[in-house]
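Trainee: So here's work-v2.txt, just compact mmCIF, C-alpha atoms:
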```txt
# COMPACT_ATOMS: atom_id res chain seq x y z
CA MET A 69 -11.15 9.44 11.71
CA PRO A 70 -10.97 5.62 11.76
CA PRO A 71 -10.02 4.00 8.48
CA VAL A 72 -12.70 2.43 6.30
CA PHE A 73 -11.58 -0.61 4.37
CA PRO A 74 -13.25 -2.51 1.53
CA SER A 75 -15.04 -5.62 2.79
CA THR A 76 -12.94 -7.71 0.41
CA LEU A 77 -9.71 -6.80 2.22
CA LYS A 78 -8.01 -9.84 3.75
CA ASP A 79 -7.22 -9.67 7.45
CA GLU A 80 -3.47 -10.02 6.79
CA GLU A 81 -3.65 -6.92 4.57
CA ARG A 82 -5.85 -5.13 7.09
CA LEU A 83 -3.02 -5.33 9.65
CA ALA A 84 -0.68 -3.52 7.26
CA TYR A 85 -3.12 -0.69 6.67
CA LEU A 86 -4.01 -0.39 10.35
CA ALA A 87 -0.32 -0.10 11.23
CA MET A 88 0.02 2.54 8.54
CA HIS A 89 -2.99 4.43 9.87
CA PHE A 90 -1.59 4.24 13.41
CA ARG A 91 1.67 5.88 12.30
CA GLY A 92 -0.22 8.66 10.60
CA THR A 93 -1.77 10.09 13.74
CA ARG A 94 -0.57 11.33 17.11
CA ASP A 95 -4.13 11.50 18.44
CA GLU A 96 -4.16 9.17 21.45
CA ALA A 97 -7.85 8.21 21.12
CA GLU A 98 -7.47 7.43 17.44
CA ARG A 99 -4.36 5.37 18.11
CA ARG A 100 -6.20 3.45 20.83
CA ALA A 101 -9.14 2.75 18.49
CA THR A 102 -6.77 1.63 15.74
CA ALA A 103 -4.86 -0.64 18.14
CA GLN A 104 -8.18 -2.12 19.27
CA GLU A 105 -9.15 -2.91 15.68
CA TYR A 106 -5.66 -4.33 15.13
CA ALA A 107 -6.08 -6.62 18.15
CA GLU A 108 -9.51 -7.80 16.93
CA THR A 109 -7.98 -8.59 13.54
CA VAL A 110 -5.15 -10.54 15.21
CA HIS A 111 -7.72 -12.52 17.21
CA ARG A 112 -9.65 -13.37 14.03
CA LEU A 113 -6.47 -14.52 12.29
CA ILE A 114 -5.46 -16.71 15.22
CA ALA A 115 -8.95 -18.19 15.45
CA SER A 116 -8.95 -18.95 11.72
CA GLY A 117 -6.12 -21.44 12.21
CA LYS A 118 -4.76 -20.33 8.86
CA TRP A 119 -2.39 -17.54 9.81
CA GLU A 120 0.79 -18.66 8.12
CA GLU A 121 2.93 -15.56 7.71
CA SER A 122 3.97 -13.18 10.43
CA PRO A 123 3.43 -9.52 9.57
CA THR A 124 6.62 -7.65 8.63
CA LEU A 125 7.95 -4.93 10.92
CA GLU A 126 6.16 -2.15 9.04
CA GLU A 127 2.91 -4.10 9.38
CA GLN A 128 3.20 -4.10 13.16
CA LEU A 129 2.40 -1.51 15.81
CA PRO A 130 5.05 -0.50 18.34
CA ASP A 131 5.56 -3.35 20.84
CA GLU A 132 3.69 -1.59 23.64
CA TRP A 133 0.59 -1.38 21.42
CA MET A 134 0.70 -4.91 20.07
CA PRO A 135 -1.79 -7.43 21.53
CA ARG A 136 -0.14 -9.94 23.90
CA GLU A 137 -1.71 -12.81 21.93
CA PHE A 138 0.34 -11.83 18.90
CA PHE A 139 3.63 -12.63 20.65
CA GLU A 140 2.21 -15.78 22.23
CA PHE A 141 1.08 -17.03 18.84
CA TRP A 142 4.31 -16.33 16.97
CA THR A 143 6.66 -17.61 19.68
CA ARG A 144 4.90 -20.95 20.13
CA MET B 48 19.41 -10.20 8.52
CA CYS B 49 16.82 -7.57 9.46
CA LEU B 50 16.33 -6.59 5.79
CA LEU B 51 15.67 -10.23 4.88
CA TYR B 52 12.81 -10.16 7.38
CA THR B 53 11.34 -6.78 6.44
CA GLY B 54 11.86 -7.03 2.70
CA HIS B 55 13.94 -4.57 0.74
CA ALA B 56 14.13 -2.77 -2.58
CA GLY B 57 17.12 -1.45 -4.43
CA LEU B 58 18.30 -0.24 -7.80
CA SER B 59 21.24 -0.86 -10.03
CA THR B 60 22.71 0.99 -12.98
CA ASP B 61 25.03 -1.82 -14.08
CA GLY B 62 22.69 -4.75 -14.59
CA GLY B 63 22.70 -5.87 -10.99
CA SER B 64 26.42 -6.10 -10.22
CA ALA B 65 25.94 -3.46 -7.54
CA ILE B 66 22.51 -2.84 -6.00
CA TYR B 67 21.95 0.27 -3.92
CA GLY B 68 19.25 0.61 -1.30
CA PHE B 69 17.84 3.32 0.93
CA ASN B 70 18.00 2.63 4.66
CA PRO B 71 17.50 4.42 7.97
CA ASP B 72 20.69 5.57 9.65
CA GLY B 73 20.49 3.96 13.05
CA SER B 74 24.05 4.67 14.05
CA GLY B 75 24.37 5.41 17.74
CA ILE B 76 21.14 3.70 18.79
CA PRO B 77 20.25 0.05 19.35
CA VAL B 78 18.33 -1.73 16.60
CA TRP B 79 15.27 -2.25 18.82
CA GLN B 80 15.03 1.50 19.37
CA LEU B 81 15.29 2.17 15.64
CA VAL B 82 12.58 -0.37 14.84
CA SER B 83 10.35 0.90 17.63
CA GLY B 84 10.73 4.47 16.42
CA LEU B 85 9.90 3.49 12.84
CA ARG B 86 6.79 1.59 13.96
CA ASN B 87 5.81 4.65 15.94
CA GLY B 88 5.98 6.81 12.81
CA GLU B 89 9.29 8.54 13.49
CA ALA B 90 11.71 9.66 10.79
CA PHE B 91 15.43 8.88 10.73
CA PRO B 92 18.17 10.24 8.46
CA GLY B 93 18.34 8.21 5.27
CA VAL B 94 21.50 6.60 3.92
CA VAL B 95 22.12 4.91 0.60
CA THR B 96 24.32 1.84 0.82
CA ASP B 97 25.58 -0.92 -1.45
CA ASP B 98 23.13 -3.66 -0.45
CA THR B 99 24.16 -6.19 -3.07
CA ALA B 100 25.01 -8.71 -0.35
CA VAL B 101 21.43 -8.47 0.98
CA PHE B 102 19.93 -9.53 -2.33
CA ILE B 103 22.50 -12.28 -2.79
CA ALA B 104 21.65 -13.56 0.70
CA ALA B 105 17.92 -13.39 -0.10
CA ARG B 106 18.44 -15.60 -3.16
CA ARG B 107 20.60 -17.96 -1.15
CA HIS B 108 17.81 -18.31 1.41
CA GLY B 109 15.26 -19.03 -1.32
CA LEU B 110 13.38 -15.77 -0.81
CA PRO B 111 11.65 -14.34 -3.88
CA VAL B 112 13.74 -11.63 -5.54
CA LEU B 113 11.91 -9.73 -8.26
CA SER B 114 13.63 -7.55 -10.81
CA PHE B 115 12.66 -5.52 -13.85
CA GLU B 116 14.38 -3.12 -16.21
CA VAL B 117 13.61 0.55 -16.64
CA VAL B 118 14.97 1.93 -19.91
CA LEU B 119 15.87 5.62 -19.95
CA PRO B 120 17.27 7.63 -22.85
CA GLU B 121 20.99 8.35 -22.46
CA PRO B 122 20.85 11.95 -21.14
CA ARG B 123 18.27 11.01 -18.50
CA PHE B 124 20.19 7.88 -17.61
CA GLN B 125 23.34 9.94 -16.97
CA ASP B 126 21.31 12.38 -14.87
CA PHE B 127 20.01 9.43 -12.90
CA VAL B 128 23.53 8.05 -12.36
CA ASN B 129 24.67 11.47 -11.13
CA THR B 130 21.68 11.71 -8.78
CA LEU B 131 22.40 8.24 -7.43
CA ASP B 132 26.07 9.16 -6.87
CA ALA B 133 24.99 12.24 -4.93
CA GLU B 134 22.56 10.19 -2.85
CA CYS B 135 25.29 7.68 -2.06
CA GLN B 136 27.45 10.53 -0.75
CA SER B 137 24.68 12.03 1.35
CA SER B 138 20.97 11.38 0.96
CA GLN B 139 18.65 14.37 0.99
CA TYR B 140 15.78 12.24 2.27
CA SER B 141 14.72 10.99 5.66
CA TYR B 142 13.59 7.40 6.15
CA GLY B 143 10.25 6.40 7.62
CA PHE B 144 7.75 3.57 7.43
CA PRO B 145 4.68 4.28 5.21
CA ASN B 146 2.52 7.15 6.48
CA GLY B 147 5.10 8.04 9.11
CA ASN B 148 7.11 11.23 9.34
CA GLY B 149 9.89 10.16 6.96
CA ASP B 150 10.10 11.30 3.35
CA CYS B 151 10.16 7.76 2.00
CA ASN B 152 11.21 4.16 2.57
CA CYS B 153 13.30 1.93 0.32
CA LEU B 154 10.43 1.57 -2.17
CA THR B 155 9.24 5.16 -2.41
CA TRP B 156 12.87 6.38 -2.45
CA MET B 157 13.03 5.02 -6.00
CA GLU B 158 10.19 7.37 -6.89
CA ARG B 159 12.03 10.27 -5.23
CA MET B 160 14.94 9.41 -7.49
CA GLY B 161 12.68 10.05 -10.45
CA LEU B 162 12.60 6.44 -11.50
CA PRO B 163 9.37 5.63 -13.35
CA LEU B 164 7.99 2.46 -11.78
CA LEU B 165 4.60 2.21 -13.47
CA THR B 166 4.30 1.09 -17.06
CA GLY B 167 1.41 3.45 -17.74
CA LEU B 168 -1.08 0.66 -18.31
CA MET B 169 -4.35 1.69 -16.68
CA ILE B 170 -5.08 -1.90 -15.69
CA GLU B 171 -1.83 -1.94 -13.69
CA PHE B 172 -2.65 1.30 -11.86
CA VAL B 173 -6.23 0.46 -10.90
CA GLY B 174 -5.08 -3.02 -9.93
CA LEU B 175 -2.86 -1.65 -7.16
CA SER B 176 -4.68 -2.64 -3.98
CA GLY B 177 -3.32 0.39 -2.12
CA ILE B 178 -5.08 2.73 -4.52
CA ALA B 179 -8.51 1.37 -3.65
CA THR B 180 -7.78 0.72 -0.01
CA ARG B 181 -5.91 3.74 1.15
CA PRO B 182 -6.57 6.80 -1.01
CA ARG B 183 -4.76 9.20 1.37
CA ARG B 184 -1.03 8.86 1.73
CA ARG B 185 1.50 11.10 3.44
CA PHE B 186 5.22 11.63 2.92
CA GLY B 187 7.27 13.71 5.28
CA PHE B 188 6.51 15.36 8.59
CA CYS B 189 3.19 17.20 8.32
CA VAL B 190 1.09 16.34 11.38
```
With the file now loaded, output its structure as structure tokens.

Mentor:
Amino acid sequence: MPPVFPSTLKDEERLAYLAMHFRGTRDEAERRATAQEYAETVHRLIASGKWEESPTLEEQLPDEWMPREFFEFWTR
Amino acid sequence: MCLLYTGHAGLSTDGGSAIYGFNPDGSGIPVWQLVSGLRNGEAFPGVVTDDTAVFIAARRHGLPVLSFEVVLPEPRFQDFVNTLDAECQSSQYSYGFPNGNGDCNCLTWMERMGLPLLTGLMIEFVGLSGIATRPRRRFGFCV
């Protein structure tokens, strides 16, 4: 079941909880859906122009599930 | 260096002269494989190490280092010291990132040690964002 977050949750915090949700399931479809929501959140943060702190390791998905734009943004 | 990036938590029984922390035992595997496994929800054997140098380095780099005291009555304090000694010899817990297969990470290890972290003030408890955001939490392999 996909996670439901309060609307007041900041996108930076959303990444942490999505990564946590991802780790809690081995269901491939659920992981894919979570990674998709993670990628959408990353896109929003990049577009905001106000993303100032990189997520910590435990707030990230495994590399192969991370959106490519994440690495492009943080290695600029 | 990795702990300065991820953040870390530790405890001390001598006012901070020595600070012990709970870490994953990644001996025998490259760091990238350890990190990848943790992000994938895997558990690794836990080890308790003297991480004083990590906190000193954090201060030196201007990173925020928070500390607070937990006062225990003498018999419970001695029990805690004995438990910490035993954990330093060989931890009974596995390490995992939150909601992964491990028993705990560096933060929740302090709870496993029986250390009361909350004051008991209701306003503190309901103010924890994780309570409202993520009511279900899992510790240990159970999926």

Trainee: Please measure the separation of atom CA of B:Gly68 and atom CA of B:Asp132, giving the value in Å to one decimal.

Mentor: 12.3 Å

Trainee: May I ask for the distance between atom CA of B:Met157 and atom CA of B:Gly57, given in Å to one decimal place?

Mentor: 7.8 Å

Trainee: State, in Å with one decimal place, the distance from atom CA of A:Gly92 to atom CA of B:Val173.

Mentor: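 Distance reported for this atom pair: 23.8 Å.
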
Trainee: Each residue of chain B with at least one atom at most 7 Å from chain A should appear once, together with its nearest atom pair and the corresponding distance in Å (one decimal); atoms considered: all atoms listed in the file; ordering: chain, then increasing residue number; output as a Markdown table.

Mentor:
```
| residue | atom | partner | partner_atom | distance |
| --- | --- | --- | --- | --- |
| B:Tyr52 | CA | A:Thr124 | CA | 6.8 |
| B:Thr53 | CA | A:Thr124 | CA | 5.3 |
| B:Ser83 | CA | A:Pro130 | CA | 5.5 |
| B:Arg86 | CA | A:Pro130 | CA | 5.2 |
| B:Asn87 | CA | A:Arg91 | CA | 5.6 |
| B:Gly88 | CA | A:Arg91 | CA | 4.4 |
| B:Phe144 | CA | A:Glu126 | CA | 6.2 |
| B:Pro145 | CA | A:Met88 | CA | 6.0 |
| B:Asn146 | CA | A:Gly92 | CA | 5.2 |
| B:Gly147 | CA | A:Arg91 | CA | 5.2 |
| B:Thr180 | CA | A:Phe73 | CA | 5.9 |
```

Trainee: Pick from B:Leu113, B:Ala133, B:Leu85, B:Leu58: nearest to B:Asn148, with all atoms listed in the file counted?

Mentor: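 With all atoms listed in the file as the atom set, the closest residue is B:Leu85.
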
Trainee: Can you tell me, as an NGL selection string, what residues are no more than 10 Å from stretch 118-124 of chain B when counting all atoms listed in the file, ignoring any on the same chain fewer than 3 positions away?

Mentor: :B and (60 or 115 or 127-130 or 161-163)

Trainee: Restricting the calculation to only C-alpha atoms, which member of A:Arg100, A:Ser75, A:Glu80, A:His111 is positioned closest to A:Phe139?

Mentor: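 Checking each candidate against A:Phe139, we get A:His111 as the closest.
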
Trainee: Using all atoms listed in the file, find the one residue out of B:Cys153, B:Leu131, B:Met160, B:Leu50 that sits nearest to B:Phe102.

Mentor: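 Smallest distance to B:Phe102 is found for B:Leu50.
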
Trainee: Just the residues within 10 Å of A:Pro135, please, counting only C-alpha atoms, with nothing from its chain fewer than 6 positions along; format it as a ChimeraX atom specification.

Mentor: /A:103-104,106-108,110-111,129

Trainee: So which residues touch B:Asp72 within 12 Å, counting all atoms listed in the file, skipping near sequence neighbours fewer than 3 positions away, as a PyMOL selection string?

Mentor: chain B and resi 69+75-78+80-82+85+90-96+137-138+140-143+152

Trainee: Would you pick out the contacts of A:Asp79 at 8 Å or less, using all atoms listed in the file, so that residues sharing its chain but fewer than 5 positions from it are not included, and give the list as a VMD selection string?

Mentor: chain A and resid 109 112 to 113

Trainee: Which residue out of A:Asp95, A:Trp142, A:Thr102, A:Glu137 has the minimum interatomic distance to A:Glu121 when only C-alpha atoms are used?

Mentor: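 Nearest candidate to A:Glu121 out of A:Asp95, A:Trp142, A:Thr102, A:Glu137: A:Trp142.
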